[in-house]
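Undergrad: First the structure, which I've put down as C-alpha cells, then a few questions once you've had a look.
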Amino acid sequence: MKNKALKRFIYCLSLLLFLLVQSSFKIDEHPKKDTTVNNGFKLRTIIVDAGHGGHTGAFGSYSTEESVTLALALKLQKAIEKNVPSVKVVMTRTSTANVPLKTRSEIANNNKGDLFISIHCNSLSDRTSRVHGRTIRVPDRSGKGVLILVYGFHRDKEETAALRENLFEEKDGKGISEGFDPNDPTAMILLNAFKAKYRKNSIRFANIVNNEFTETDGRRSDGVKEQGVLVLCHSAMPAVLIETGFINNPAEEDYLNSEDGQNEIVASIVRAIVEYKKEIEQ
Ligand SMILES: [Zn+2]
C-alpha cells in the first residue's frame, strides 16, 4: 500500500470499526448487529473435536475419556446433520488414533470453520495425605457437572498468529508476508477487532450451551471460564471446550456412558447451536 491518502483512509476506517466493536461490548445482553463481519454472515461449518485419542486423557473405572468423547462427537455429528442440515460438520477425529493439537486446529482452519466445539470429560486428581509418615494417594471421586472453557488472554500470541494466517492469507491470496505487516497499525487494529469478535461469540455460545445443560438437563455446572487451552487458541474462529462430566465419579461415568446421557448431552449442544445460529445470523 504505497498511496498515503488511501492508507490514512483505511486507518481511520479501521479505527472506527475498532471503536464500534469496543462499544458493542457494553451491550452484551441484547447484542446488536455485527460490526466486523458482513451482515450476511451465515454459520456454515462447525468443527466437532473429540478430545484425546491414542490412549491419552482421563479414565473412569471401566471407560476412558477418549472413547466417551468419540462416542459423543459422532452422535453430535449425526444430530447436527439431521437437525441443522444447512451446516456442514467437519470432524477432527473419527477413530481411536491420537490427532496432535496442531493438526486439529489446522483441520479447523483449512475447512474454514465458523465454530469449533471440543468435547472432553473432566476428572479430579487424587488427594494426597500423610499416614504414619507415608504419603498416600486417595482418589477424589466427588467431581460433578459440566464446565465450558473459552480461550484466555494469556494465550493471546498463539491465537493472533492463527488469526493472522487465516485472515490475511485468505484475503489477498498472496501469502502472509505481503498481506500482513506486523508494524502496520491498520493490520493490528483489524486483527484486534477480529479477536474481540471471536472471543465475544465464544462466550456467547458457551453461555447458551451452559444454560441448556443447567436449565434443561438439570446438570450442575462450574460455569463458563476463560482458560488458555492450546487447541482453542490456534483456531481462528469462535471456539469452546465442553467438559461434559467427571469420568472418575462413578455416577457421572454411568451417565456419560449411557445412551440416555449421551443423547441428552448431544441434544443440549444441538439446541445451543440452533439458538446461537439464530442470534448471530440476525
Ligand atoms: Zn480432556
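So you can find residues: chains in the C-alpha cells are A, B, ... in the order shown, residues in each start at 1, and ligands are numbered from 1 in order.
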For ligand 1, list the contacting residues at 7 Å or closer, counting only C-alpha atoms and all ligand atoms, as a list in words.
TA: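 Going residue by residue within 7 Å of ligand 1, we get Gly51, His52, Gly57, Ala58, Glu65, His120, Cys121 and Asn122 of chain A.
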Undergrad: Could you find all residues in region 41-272 of chain A that DSSP calls strand (DSSP E) from the backbone, and write them as a ChimeraX atom specification?
TA: /A:45-50,88-91,115-122,127-131,134-138,146-151,221-227,239-246
Undergrad: I'd like to know which of A:Ala73, A:Val138, A:Ser105, A:Val84 is closest to Lys278 (chain A), using only C-alpha atoms.
TA: A:Val84
Undergrad: For the contact check between region 67-120 of chain A and region 211-230 of chain A, emit one row per residue of region 67-120 of chain A within 12 Å, containing the shortest atom pair and the distance in Å rounded to one decimal, counting only C-alpha atoms, chain then rising number order, as JSON lines.
TA:
{"residue": "A:Pro100", "atom": "CA", "partner": "A:Leu230", "partner_atom": "CA", "distance": 10.8}
{"residue": "A:Leu101", "atom": "CA", "partner": "A:Leu230", "partner_atom": "CA", "distance": 7.3}
{"residue": "A:Lys102", "atom": "CA", "partner": "A:Leu230", "partner_atom": "CA", "distance": 8.6}
{"residue": "A:Thr103", "atom": "CA", "partner": "A:Leu230", "partner_atom": "CA", "distance": 11.7}
{"residue": "A:Arg104", "atom": "CA", "partner": "A:Leu230", "partner_atom": "CA", "distance": 10.4}
{"residue": "A:Ser105", "atom": "CA", "partner": "A:Leu230", "partner_atom": "CA", "distance": 9.3}
{"residue": "A:Ser118", "atom": "CA", "partner": "A:Val229", "partner_atom": "CA", "distance": 10.5}
Undergrad: Which residues, written as a list in words, have at least one atom at most 12 Å from Ser129 (chain A), with only C-alpha atoms counted and residues fewer than 6 positions away on the same chain left out?
TA: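 Contacts, with the query itself left out: Thr135, Ile136, Arg137, Val138, Pro139 and Asp140 of chain A.
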Undergrad: Using the selection just defined, write its residues with N, CA and C atoms as a PDB file, in the first residue's frame.
TA:
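Here's the written file selection.pdb:
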ATOM      1  N   THR A 135       3.258 -40.875  52.423  1.00  0.00           N
ATOM      2  CA  THR A 135       2.280 -40.157  51.607  1.00  0.00           C
ATOM      3  C   THR A 135       1.415 -41.172  50.863  1.00  0.00           C
ATOM      4  N   ILE A 136       0.125 -41.078  51.035  1.00  0.00           N
ATOM      5  CA  ILE A 136      -0.741 -41.967  50.263  1.00  0.00           C
ATOM      6  C   ILE A 136      -1.665 -41.145  49.369  1.00  0.00           C
ATOM      7  N   ARG A 137      -2.051 -41.745  48.272  1.00  0.00           N
ATOM      8  CA  ARG A 137      -2.932 -41.058  47.319  1.00  0.00           C
ATOM      9  C   ARG A 137      -4.342 -41.626  47.443  1.00  0.00           C
ATOM     10  N   VAL A 138      -5.281 -40.723  47.558  1.00  0.00           N
ATOM     11  CA  VAL A 138      -6.677 -41.150  47.685  1.00  0.00           C
ATOM     12  C   VAL A 138      -7.461 -40.579  46.501  1.00  0.00           C
ATOM     13  N   PRO A 139      -8.110 -41.460  45.717  1.00  0.00           N
ATOM     14  CA  PRO A 139      -8.883 -40.952  44.571  1.00  0.00           C
ATOM     15  C   PRO A 139      -9.986 -40.003  45.031  1.00  0.00           C
ATOM     16  N   ASP A 140     -10.166 -38.924  44.284  1.00  0.00           N
ATOM     17  CA  ASP A 140     -11.229 -37.971  44.599  1.00  0.00           C
ATOM     18  C   ASP A 140     -12.335 -38.136  43.552  1.00  0.00           C
TER      19      ASP A 140
END
Undergrad: Dump as CSV the rows for residues of region 56-147 of chain A within 7 Å of region 236-248 of chain A: closest atom pair and distance in Å with one decimal, only C-alpha atoms counted, ordered by chain and rising residue number.
TA:
residue,atom,partner,partner_atom,distance
A:Phe59,CA,A:Ile247,CA,6.2
A:Gly60,CA,A:Asn248,CA,4.4
A:Ser61,CA,A:Asn248,CA,7.0
A:Glu65,CA,A:Ile247,CA,7.0
A:Asn109,CA,A:Ala236,CA,6.5
A:Gly113,CA,A:Met237,CA,6.7
A:Asp114,CA,A:Met237,CA,5.7
A:Leu115,CA,A:Pro238,CA,5.2
A:Phe116,CA,A:Ala239,CA,4.4
A:Ile117,CA,A:Val240,CA,5.3
A:Ser118,CA,A:Leu241,CA,4.5
A:Ile119,CA,A:Ile242,CA,5.2
A:His120,CA,A:Glu243,CA,4.8
A:Cys121,CA,A:Glu243,CA,4.9
A:Asn122,CA,A:Phe246,CA,4.5
A:Ser123,CA,A:Phe246,CA,5.0
A:Arg141,CA,A:Asn248,CA,5.6
A:Gly143,CA,A:Phe246,CA,5.7
A:Lys144,CA,A:Phe246,CA,5.8
A:Gly145,CA,A:Gly245,CA,5.0
A:Val146,CA,A:Thr244,CA,5.1
A:Leu147,CA,A:Glu243,CA,5.0
Undergrad: Tell me, as a list of chain:residue names, which residues lie within 7 Å of region 260-272 of chain A, counting only C-alpha atoms; anything in the same chain fewer than 6 positions away does not count.
TA: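 Answer for this query is A:Leu72, A:Lys75, A:Leu76, A:Ile80, A:Ile208, A:Val209, A:Glu212, A:Phe213.
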Undergrad: Quick check, in Å to one decimal: how far apart do CA of Tyr151 (chain A) and CA of Leu74 (chain A) lie?
TA: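 CA of Tyr151 (chain A) sits 24.1 Å away from CA of Leu74 (chain A).
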Undergrad: To one decimal in Å, tell me the separation between CA of Arg204 (chain A) and CA of Glu275 (chain A).
TA: 10.3 Å
Undergrad: I'd like the neighbourhood of Leu70 (chain A) as a PyMOL selection string, where a residue qualifies if any of its atoms comes within 8 Å (using only C-alpha atoms), though same-chain residues fewer than 4 positions away should be ignored.
TA: chain A and resi 50-51+66+74+93-96
